[in-house]
$ cat structure.cif   # mmCIF, C-alpha atoms
data_structure
#
loop_
_atom_site.label_atom_id
_atom_site.label_comp_id
_atom_site.auth_asym_id
_atom_site.auth_seq_id
_atom_site.Cartn_x
_atom_site.Cartn_y
_atom_site.Cartn_z
CA MET A 1 67.08 115.78 111.01
CA ILE A 2 68.95 118.28 113.16
CA ILE A 3 72.56 117.44 114.04
CA LYS A 4 74.41 118.96 116.96
CA TYR A 5 77.69 117.91 118.48
CA LYS A 6 80.07 118.43 121.35
CA CYS A 7 83.77 117.63 121.13
CA GLN A 8 86.32 117.50 123.92
CA ASN A 9 89.74 115.83 123.99
CA GLY A 10 88.91 114.03 120.75
CA LYS A 11 85.63 112.58 122.00
CA LEU A 12 82.84 113.49 119.59
CA GLU A 13 79.32 113.33 121.01
CA LEU A 14 76.58 113.52 118.39
CA LYS A 15 72.98 114.48 119.06
CA PHE A 16 70.27 113.74 116.48
CA THR A 17 66.94 115.56 116.77
CA PRO A 18 64.27 114.19 114.41
CA GLU A 19 61.90 116.55 112.65
CA LYS A 20 58.31 115.82 111.64
CA ASP A 21 59.17 114.27 108.28
CA ASP A 22 62.03 112.11 109.61
CA PRO A 23 60.99 108.44 109.71
CA LYS A 24 61.70 106.69 113.00
CA ARG A 25 61.10 103.31 111.41
CA GLN A 26 62.02 101.78 108.10
CA LEU A 27 61.17 98.53 106.35
CA ILE A 28 64.45 97.40 104.81
CA PHE A 29 64.63 94.44 102.45
CA ASN A 30 66.45 91.50 103.99
CA THR A 31 68.46 89.89 101.21
CA THR A 32 68.93 86.66 103.16
CA PHE A 33 65.28 85.89 103.89
CA LYS A 34 63.76 87.89 101.00
CA LYS A 35 61.40 89.91 103.13
CA ASN A 36 61.16 93.38 104.63
CA THR A 37 62.69 93.74 108.08
CA ARG A 38 61.70 96.47 110.52
CA VAL A 39 64.55 98.76 111.56
CA ASP A 40 63.93 101.40 114.24
CA MET A 41 66.01 104.38 115.26
CA VAL A 42 66.11 103.75 119.00
CA SER A 43 68.71 106.28 120.13
CA THR A 44 69.38 109.93 119.34
CA ARG A 45 72.93 110.00 120.66
CA CYS A 46 76.24 108.33 119.90
CA GLU A 47 79.92 108.96 120.46
CA ILE A 48 83.11 108.43 118.49
CA ARG A 49 86.54 108.60 120.10
CA PHE A 50 89.32 110.17 118.05
CA PRO A 51 92.90 111.24 118.88
CA ASN A 52 92.99 113.78 121.72
CA ASP A 53 93.99 116.69 119.49
CA TRP A 54 91.28 116.04 116.88
CA THR A 55 88.49 118.61 116.63
CA ALA A 56 85.27 118.54 114.62
CA ASP A 57 85.86 122.11 113.48
CA ALA A 58 88.99 120.95 111.61
CA VAL A 59 86.87 118.72 109.35
CA HIS A 60 85.65 120.24 106.09
CA PRO A 61 81.89 120.82 106.51
CA ASP A 62 81.11 118.80 103.36
CA VAL A 63 82.99 115.79 104.77
CA PHE A 64 81.22 116.14 108.11
CA ALA A 65 77.87 116.28 106.33
CA LEU A 66 78.59 113.15 104.31
CA ALA A 67 79.61 111.30 107.48
CA MET A 68 76.27 112.20 109.05
CA LEU A 69 74.40 111.09 105.93
CA ALA A 70 76.22 107.75 106.05
CA ALA A 71 75.54 107.30 109.75
CA ILE A 72 71.74 107.72 109.71
CA TYR A 73 70.75 107.75 106.03
CA PRO A 74 67.43 105.80 106.25
CA PHE A 75 66.14 108.06 109.02
CA ILE A 76 66.68 111.39 107.26
CA GLY A 77 63.58 112.89 105.72
CA LYS A 78 63.78 115.88 103.40
CA THR A 79 66.46 117.87 105.19
CA LEU A 80 69.70 117.40 107.12
CA ARG A 81 70.48 120.45 109.28
CA LEU A 82 74.04 120.91 110.47
CA PRO A 83 75.92 123.30 112.76
CA ARG A 84 78.15 124.50 109.89
CA GLY A 85 77.23 125.35 106.33
CA VAL A 86 78.24 123.13 103.41
CA SER A 87 79.41 124.24 99.99
CA ARG A 88 76.82 125.00 97.31
CA ALA A 89 78.38 122.31 95.10
CA PHE A 90 77.96 119.63 97.78
CA HIS A 91 74.41 120.71 98.57
CA ASN A 92 73.49 120.50 94.90
CA GLN A 93 75.08 117.07 94.47
CA VAL A 94 73.24 115.66 97.49
CA MET A 95 69.98 117.13 96.23
CA GLN A 96 70.55 115.66 92.78
CA VAL A 97 71.25 112.08 93.90
CA THR A 98 69.13 111.80 97.07
CA ASN A 99 66.48 114.53 96.78
CA LYS A 100 67.49 115.70 100.26
CA LYS A 101 68.64 119.15 101.31
CA VAL A 102 71.75 119.71 103.41
CA LEU A 103 71.54 123.01 105.26
CA PRO A 104 72.77 125.60 105.83
CA VAL A 105 74.70 126.46 102.68
CA ASN A 106 77.84 128.55 102.97
CA GLU A 107 78.07 130.31 99.61
CA LYS A 108 81.68 131.27 100.32
CA LEU A 109 82.87 127.75 101.06
CA ALA A 110 84.88 125.99 98.36
CA PRO A 111 84.44 122.23 97.86
CA ARG A 112 86.91 120.04 99.69
CA LYS A 113 90.15 119.17 97.88
CA ALA A 114 92.55 116.48 99.09
CA PRO A 115 96.15 117.59 99.75
CA SER A 116 98.79 116.73 97.14
CA ASN A 117 100.51 114.30 99.52
CA ALA A 118 97.27 112.52 100.47
CA VAL A 119 97.07 108.76 101.10
CA PRO A 120 94.27 106.15 100.96
CA ALA A 121 91.91 105.21 103.80
CA PHE A 122 90.25 101.83 104.19
CA THR A 123 87.71 100.34 106.60
CA TYR A 124 89.23 97.14 107.95
CA SER A 125 87.36 94.33 109.70
CA GLY A 126 90.08 91.71 110.08
CA GLY A 127 88.06 89.31 107.92
CA ILE A 128 89.09 87.41 104.81
CA ASP A 129 87.73 89.82 102.20
CA SER A 130 88.97 92.86 104.10
CA THR A 131 92.43 91.34 104.43
CA ALA A 132 92.52 90.49 100.72
CA ALA A 133 91.79 94.13 99.97
CA ALA A 134 94.56 95.18 102.35
CA ILE A 135 97.01 93.02 100.39
CA LEU A 136 95.99 94.77 97.15
CA LEU A 137 96.20 98.33 98.51
CA PRO A 138 99.29 100.58 98.71
CA LYS A 139 101.32 100.09 101.88
CA ASN A 140 100.76 103.69 102.98
CA THR A 141 97.01 103.08 103.31
CA HIS A 142 95.46 103.89 106.69
CA PHE A 143 93.23 101.09 108.04
CA PHE A 144 90.28 101.84 110.30
CA TYR A 145 88.66 99.25 112.51
CA PHE A 146 85.16 100.07 113.75
CA ASP A 147 85.73 99.27 117.44
CA ARG A 148 82.27 98.67 118.90
CA ILE A 149 81.40 100.16 122.28
CA VAL A 150 78.73 97.81 123.60
CA PRO A 151 76.31 99.63 125.94
CA THR A 152 76.31 98.38 129.52
CA GLY A 153 73.84 95.55 130.04
CA THR A 154 73.49 94.80 126.32
CA LYS A 155 73.67 91.14 125.32
CA THR A 156 75.66 90.46 122.16
CA LEU A 157 77.19 87.57 120.24
CA LEU A 158 79.95 89.88 119.06
CA ASN A 159 83.46 88.95 120.13
CA GLN A 160 86.17 91.37 118.93
CA GLU A 161 89.17 89.33 120.14
CA ALA A 162 90.00 87.96 116.69
CA ALA A 163 89.53 91.37 115.05
CA TYR A 164 91.85 93.01 117.60
CA TYR A 165 94.41 90.29 116.93
CA ALA A 166 94.13 90.92 113.18
CA CYS A 167 94.49 94.68 113.67
CA ASN A 168 97.55 94.27 115.89
CA SER A 169 99.06 91.74 113.49
CA MET A 170 98.43 94.06 110.54
CA ALA A 171 100.10 96.91 112.43
CA LYS A 172 103.18 94.72 113.01
CA THR A 173 103.58 94.48 109.21
CA GLY A 174 104.14 98.25 109.17
CA ARG A 175 100.62 99.30 108.21
CA ASN A 176 98.85 102.27 109.78
CA VAL A 177 95.98 100.73 111.76
CA HIS A 178 93.50 102.71 113.85
CA LYS A 179 90.90 101.19 116.19
CA ILE A 180 88.20 103.85 116.57
CA LYS A 181 85.79 103.26 119.43
CA THR A 182 82.12 104.11 118.83
CA ASP A 183 78.62 103.02 119.77
CA MET A 184 77.16 104.28 116.49
CA GLN A 185 75.72 100.87 115.56
CA TYR A 186 73.41 101.10 118.54
CA LEU A 187 71.51 104.05 117.08
CA ARG A 188 69.25 101.42 115.52
CA LYS A 189 67.53 98.18 116.37
CA PRO A 190 68.42 95.58 115.26
CA VAL A 191 72.01 96.65 115.80
CA GLY A 192 73.90 97.34 112.61
CA PHE A 193 75.07 99.78 109.97
CA ASN A 194 72.56 102.15 108.40
CA SER A 195 74.38 102.22 105.05
CA TYR A 196 77.30 100.61 103.24
CA LEU A 197 79.31 103.75 104.05
CA SER A 198 78.51 103.75 107.78
CA ASP A 199 81.66 101.93 108.82
CA ALA A 200 83.67 104.61 107.00
CA VAL A 201 82.36 107.40 109.25
CA PRO A 202 85.51 107.40 111.45
CA ALA A 203 87.77 107.52 108.38
CA LEU A 204 85.68 110.29 106.85
CA LEU A 205 85.89 112.42 109.98
CA LEU A 206 89.67 111.91 110.02
CA ALA A 207 90.11 112.63 106.31
CA ASP A 208 91.51 116.10 106.89
CA TYR A 209 93.39 115.13 110.05
CA TYR A 210 95.53 112.55 108.23
CA GLY A 211 95.01 113.74 104.65
CA PHE A 212 93.09 111.20 102.57
CA ASP A 213 92.19 111.22 98.89
CA THR A 214 90.25 107.95 98.59
CA ILE A 215 88.26 105.65 100.84
CA GLY A 216 87.19 102.04 100.52
CA HIS A 217 86.07 98.76 102.05
CA GLY A 218 86.38 95.05 101.35
CA GLN A 219 82.99 94.17 99.86
CA THR A 220 83.15 91.55 97.13
CA LEU A 221 81.45 90.87 93.79
CA GLU A 222 78.62 89.06 95.56
CA ILE A 223 77.60 92.15 97.51
CA GLY A 224 78.65 94.90 95.12
CA TYR A 225 76.84 93.42 92.11
CA GLN A 226 74.25 91.35 94.02
CA ILE A 227 75.60 88.14 92.52
CA GLY A 228 74.12 84.97 94.00
CA HIS A 229 71.23 86.34 96.01
CA LEU A 230 69.35 89.08 94.15
CA GLY A 231 70.58 88.93 90.56
CA PHE A 232 73.28 90.86 88.74
CA LYS A 233 73.00 94.65 88.97
CA ASP A 234 75.44 97.45 88.17
CA CYS A 235 77.23 98.34 91.41
CA LYS A 236 76.61 102.04 90.79
CA GLU A 237 72.90 101.28 91.27
CA THR A 238 73.17 99.01 94.31
CA GLU A 239 73.24 100.16 97.93
CA VAL A 240 77.03 99.81 97.88
CA GLY A 241 77.41 102.35 95.09
CA HIS A 242 74.36 104.59 95.29
CA PRO A 243 74.43 107.40 96.32
CA TRP A 244 77.88 107.09 97.85
CA HIS A 245 80.18 106.90 94.82
CA LYS A 246 78.95 110.28 93.54
CA LEU A 247 78.95 111.95 96.95
CA LEU A 248 82.47 110.72 97.74
CA LYS A 249 83.74 112.16 94.47
CA SER A 250 82.25 115.53 95.41
CA ILE A 251 84.51 115.71 98.50
CA ASP A 252 87.58 114.46 96.61
CA LEU A 253 87.46 111.08 98.37
CA PRO A 254 86.40 108.73 95.56
CA TYR A 255 85.86 105.06 96.27
CA THR A 256 88.72 102.59 96.02
CA LEU A 257 87.16 99.12 96.27
CA PRO A 258 89.92 96.61 95.45
CA THR A 259 87.78 93.48 95.88
CA ILE A 260 84.47 94.65 94.43
CA GLY A 261 85.26 92.84 91.16
CA LEU A 262 86.46 89.66 92.89
CA SER A 263 84.35 86.85 94.30
CA GLU A 264 84.88 85.34 97.73
CA VAL A 265 86.62 82.52 95.89
CA SER A 266 89.35 84.90 94.77
CA THR A 267 89.65 86.82 98.04
CA THR A 268 90.04 83.55 99.94
CA ARG A 269 92.74 82.40 97.54
CA ILE A 270 94.60 85.74 97.85
CA VAL A 271 94.71 85.49 101.64
CA ASN A 272 95.64 81.80 101.61
CA LYS A 273 98.68 82.59 99.46
CA SER A 274 99.89 85.24 101.89
CA PRO A 275 101.39 85.41 105.41
CA PHE A 276 98.19 87.25 106.39
CA ARG A 277 96.37 83.89 106.49
CA GLU A 278 97.76 83.46 109.99
CA PHE A 279 95.49 86.16 111.43
CA ALA A 280 92.62 86.84 109.00
CA GLN A 281 89.34 85.44 110.36
CA ALA A 282 85.86 85.89 108.92
CA CYS A 283 83.90 85.05 112.08
CA SER A 284 83.04 87.96 114.41
CA ARG A 285 81.71 85.70 117.15
CA GLY A 286 84.59 83.30 117.77
CA LYS A 287 87.89 83.65 119.58
CA ILE A 288 91.37 84.12 118.12
CA LYS A 289 91.95 81.33 115.56
CA LYS A 290 88.75 79.69 116.80
CA PRO A 291 85.71 80.66 114.68
CA CYS A 292 82.41 80.02 116.44
CA MET A 293 81.36 77.40 113.85
CA ASN A 294 77.80 78.25 114.77
CA CYS A 295 76.80 80.78 112.09
CA PHE A 296 76.13 80.81 108.36
CA LYS A 297 79.33 82.73 107.67
CA CYS A 298 81.38 79.97 109.31
CA PHE A 299 79.38 77.42 107.30
CA ARG A 300 80.14 79.13 103.99
CA LYS A 301 83.68 80.34 104.63
CA SER A 302 84.95 77.09 106.14
CA LEU A 303 83.59 75.03 103.24
CA LEU A 304 85.09 77.42 100.71
CA ASP A 305 88.45 77.39 102.44
CA LYS A 306 88.60 73.57 102.39
CA VAL A 307 87.67 73.47 98.70
CA ILE A 308 90.32 76.03 97.77
CA MET A 309 92.94 74.26 99.90
CA ASN A 310 91.87 70.96 98.30
CA GLN A 311 91.11 69.42 101.67
CA PRO A 312 88.57 66.57 102.04
CA LEU A 313 84.98 67.26 103.08
CA THR A 314 84.23 64.27 105.27
CA ASP A 315 80.70 63.22 106.17
CA HIS A 316 81.52 63.85 109.85
CA TYR A 317 82.59 67.42 109.09
CA LEU A 318 79.54 68.07 106.89
CA ASN A 319 77.21 66.67 109.56
CA LYS A 320 78.59 69.24 112.00
CA LEU A 321 78.14 72.09 109.53
CA PHE A 322 74.60 71.16 108.52
CA SER A 323 73.63 70.98 112.19
CA ILE A 324 74.28 74.73 112.58
CA LYS A 325 70.89 76.32 113.22
CA ASP A 326 71.79 79.64 111.63
CA ALA A 327 72.98 77.86 108.49
CA ARG A 328 69.79 75.77 108.30
CA ASN A 329 67.69 78.92 108.54
CA VAL A 330 69.56 80.54 105.65
CA LEU A 331 69.54 77.41 103.50
CA ASN A 332 65.79 77.01 104.02
CA ALA A 333 64.98 80.65 103.25
CA PRO A 334 63.13 81.53 100.02
CA PRO A 335 65.34 81.07 96.95
CA PRO A 336 67.81 82.09 95.76
CA ILE A 337 69.91 81.12 98.77
CA TYR A 338 72.07 83.92 100.12
CA PHE A 339 75.51 83.62 98.47
CA ALA A 340 74.16 80.92 96.16
CA SER A 341 77.03 81.55 93.75
CA ILE A 342 79.64 80.65 96.37
CA LEU A 343 77.65 77.60 97.43
CA ALA A 344 77.47 76.59 93.76
CA TYR A 345 81.26 76.87 93.51
CA ILE A 346 81.72 74.80 96.66
CA THR A 347 79.32 72.05 95.62
CA ALA A 348 80.64 71.97 92.06
CA HIS A 349 83.90 70.75 93.58
CA TYR A 350 82.19 68.15 95.78
CA ASN A 351 81.75 64.58 94.54
CA GLY A 352 80.85 62.77 97.75
CA ARG A 353 77.63 61.10 98.82
CA HIS A 354 76.50 63.24 101.74
CA LYS A 355 72.76 63.62 101.13
CA LYS A 356 72.38 67.21 102.34
CA MET A 357 75.45 68.26 100.39
CA GLN A 358 74.10 66.56 97.28
CA LEU A 359 70.77 68.36 97.74
CA LEU A 360 72.56 71.70 98.19
CA LYS A 361 74.50 70.99 95.00
CA LYS A 362 71.27 70.54 93.08
CA VAL A 363 69.51 73.54 94.63
CA THR A 364 72.43 75.89 93.94
CA ARG A 365 73.05 74.36 90.48
CA GLY A 366 76.55 73.30 91.42
CA ASP A 367 75.99 70.30 89.17
CA THR A 368 75.23 72.36 86.06
CA LEU A 369 76.70 75.86 86.38
CA GLU A 370 80.02 76.99 85.01
CA VAL A 371 81.86 78.37 88.03
CA ASP A 372 85.40 79.08 86.81
CA TRP A 373 84.58 82.78 86.33
CA MET A 374 84.61 83.12 90.13
CA ASN A 375 88.38 82.64 89.96
CA LYS A 376 88.67 85.75 87.79
CA TRP A 377 88.38 89.53 88.02
CA TYR A 378 85.47 91.55 86.68
CA ALA A 379 87.52 94.30 85.03
CA LYS A 380 84.64 96.78 84.71
CA SER A 381 84.86 97.13 88.49
CA GLN A 382 88.04 99.19 88.13
CA GLU A 383 85.79 102.23 87.82
CA PHE A 384 85.56 101.86 91.61
CA ILE A 385 89.29 102.33 92.05
CA ALA A 386 90.39 105.97 92.30
CA PRO A 387 92.33 106.99 89.15
CA LYS A 388 95.45 107.83 91.18
CA TYR A 389 95.69 104.23 92.44
CA ARG A 390 94.03 102.32 89.61
CA ASN A 391 97.08 101.03 87.77
CA ARG A 392 98.83 100.07 90.99
CA VAL A 393 95.86 98.15 92.44
CA LYS A 394 95.06 96.58 89.08
CA LYS A 395 98.64 95.31 88.83
CA GLU A 396 98.26 93.65 92.24
CA ILE A 397 94.91 92.09 91.34
CA LEU A 398 96.35 90.58 88.17
CA LYS A 399 98.97 88.74 90.23
CA TYR A 400 96.14 86.59 91.56
CA ALA A 401 93.31 86.65 89.02
CA GLU A 402 93.10 87.09 85.27
CA PRO A 403 90.33 89.30 83.86
CA MET A 404 87.01 87.73 82.94
CA ASN A 405 86.54 87.39 79.20
CA THR A 406 83.27 88.11 77.39
CA LYS A 407 82.03 84.57 77.94
CA ASP A 408 82.80 84.74 81.68
CA VAL A 409 80.88 87.99 82.06
CA ARG A 410 77.95 86.57 80.10
CA THR A 411 77.93 83.44 82.28
CA MET A 412 78.04 85.52 85.45
CA THR A 413 75.25 87.90 84.47
CA LYS A 414 73.05 85.29 82.79
CA SER A 415 73.40 82.65 85.52
CA PHE A 416 72.54 85.12 88.26
CA SER A 417 70.14 87.48 86.52
CA LYS A 418 66.85 88.64 87.97
CA ALA A 419 65.18 87.22 84.88
CA TYR A 420 66.46 83.75 85.78
CA PHE A 421 65.36 84.01 89.41
CA ASN A 422 61.92 85.30 88.41
CA GLN A 423 61.32 82.11 86.48
CA LYS A 424 61.47 80.08 89.66
#
$ encode --input "structure.cif" --output "structure tokens"
Amino acid sequence: MIIKYKCQNGKLELKFTPEKDDPKRQLIFNTTFKKNTRVDMVSTRCEIRFPNDWTADAVHPDVFALAMLAAIYPFIGKTLRLPRGVSRAFHNQVMQVTNKKVLPVNEKLAPRKAPSNAVPAFTYSGGIDSTAAAILLPKNTHFFYFDRIVPTGTKTLLNQEAAYYACNSMAKTGRNVHKIKTDMQYLRKPVGFNSYLSDAVPALLLADYYGFDTIGHGQTLEIGYQIGHLGFKDCKETEVGHPWHKLLKSIDLPYTLPTIGLSEVSTTRIVNKSPFREFAQACSRGKIKKPCMNCFKCFRKSLLDKVIMNQPLTDHYLNKLFSIKDARNVLNAPPPIYFASILAYITAHYNGRHKKMQLLKKVTRGDTLEVDWMNKWYAKSQEFIAPKYRNRVKKEILKYAEPMNTKDVRTMTKSFSKAYFNQK
């Protein structure tokens, strides 16, 4: 893949030219429906809008290269060709963990080192998990919202009103919040991110402009360790960790993932105990303080919130939730159900007689599983907190969740192991 760019008044225009060995289509495993989904690269251009005085030439070439890898990773064949040469150390690290070449190599270029007064960067969505992470991070963290530019004439269910409200509310608390406009998600069809580092591309490209020494996002235990839908797996080997945790270290921007060892149960509780509850909203389709209540995320998050707040789950309310088409599709997908662990936690705390809820309780093993470990912190995950910030973030986590003990970890891994799922 050949990358070229043009930059004027902070507007970065990227041009991607595929080579013969660059795949234009990928079959990517859909964790919700347990089948391969076709993803096509349908555009060779995108733009990202930065501050007017930002220039691409001020970004360390290794950082720029990693941003490009994150943006289009599945569609890069054997080689990524860039306008400026990367360091030999970065080239070698990419080759080692991805078997891809990044060219050209500038033998005189030293690897990137963060400045001594550097601060953290974090990709912020305005959602529950993202807001929980924000609460755990140092107050000098810079938050980056991926502000979608929707192409003219494109139909979308996306509604960014609630996210804008969350960003503006977060800024009023004194945090550094940046809304970076881009149409990068429209490089592919279906629309989406090409990697778990894609939404960090704006923060990466601003790493030297603001001076960052770590970068992170608000993914939880369920995604980072595949709990509840694929089976437990070391995060370093999942798509969240690999190859990104090694490549980020090579540019002196190691991961800081505050919530990667916490379940959605814990992140919801953290937000509910804070003033941030007033503006955090998981749904990306609804309006401000009005989730759409027509998607699986609303189904899951609203049930979880009521359980944690010890509010009743009436038959009328459950009837409305189980009538959501998107939720029915997910619940009827091949087992294990997506986020089965969270659904097990929810149903374990339900003792009513709603038939569909009782069936969900049985299917997700909410009637037999131990679920208390979801209130706790998986301490091994601290390897995904940059050493400089580890003690500080850990101290914040322990205000809300005690560490899992050996039994908790065994229950988590055994209850949601691939071996268990393969027996079904």
$ atom_distance --input "structure.cif" --atom1 "CA of Tyr317 in chain A" --atom2 "CA of Gly218 in chain A"
28.9 Å
$ closest_residue --input "structure.cif" --among "A:Val94, A:Ile270, A:Ile346, A:Leu262" --to "Ala65 in chain A" --atoms "only C-alpha atoms"
A:Val94
$ residues_around --input "structure.cif" --residues "Asp199 in chain A" --least-positions-apart "5" --cutoff "10 Å" --atoms "all atoms listed in the file" --output "MDAnalysis selection string"
chainID A and resid 67 70:71 122:125 144:147 184:185 192:194 204 216:217
$ residues_around --input "structure.cif" --residues "Tyr5 in chain A" --least-positions-apart "4" --cutoff "8 Å" --atoms "only C-alpha atoms" --output "list in words"
Leu12, Glu13, Leu14 and Lys15 of chain A
$ resolve_selection --input "structure.cif" --expression "the PyMOL selection byres ((chain A and resi 208) around 9)" --output "list in words"
Ala58, Val59, His60, Val63, Ala114, Pro115, Leu204, Leu205, Leu206, Ala207, Tyr209, Tyr210, Gly211 and Phe212 of chain A
$ atom_distance --input "structure.cif" --atom1 "CA of Val265 in chain A" --atom2 "CA of Ser284 in chain A"
19.6 Å
$ resolve_selection --input "structure.cif" --expression "the PyMOL selection byres ((chain A and resi 72) around 12)" --output "number ranges by chain"
A: 1-3, 14-18, 22-26, 39-46, 65-71, 73-77, 80, 184-188, 192-199, 201
$ axis_aligned_box --input "structure.cif" --around "range 13-23 of chain A" --padding-each-side "8 Å" --output "AutoDock Vina command-line options"
--center_x 68.8 --center_y 112.5 --center_z 114.6 --size_x 37.0 --size_y 24.1 --size_z 28.7
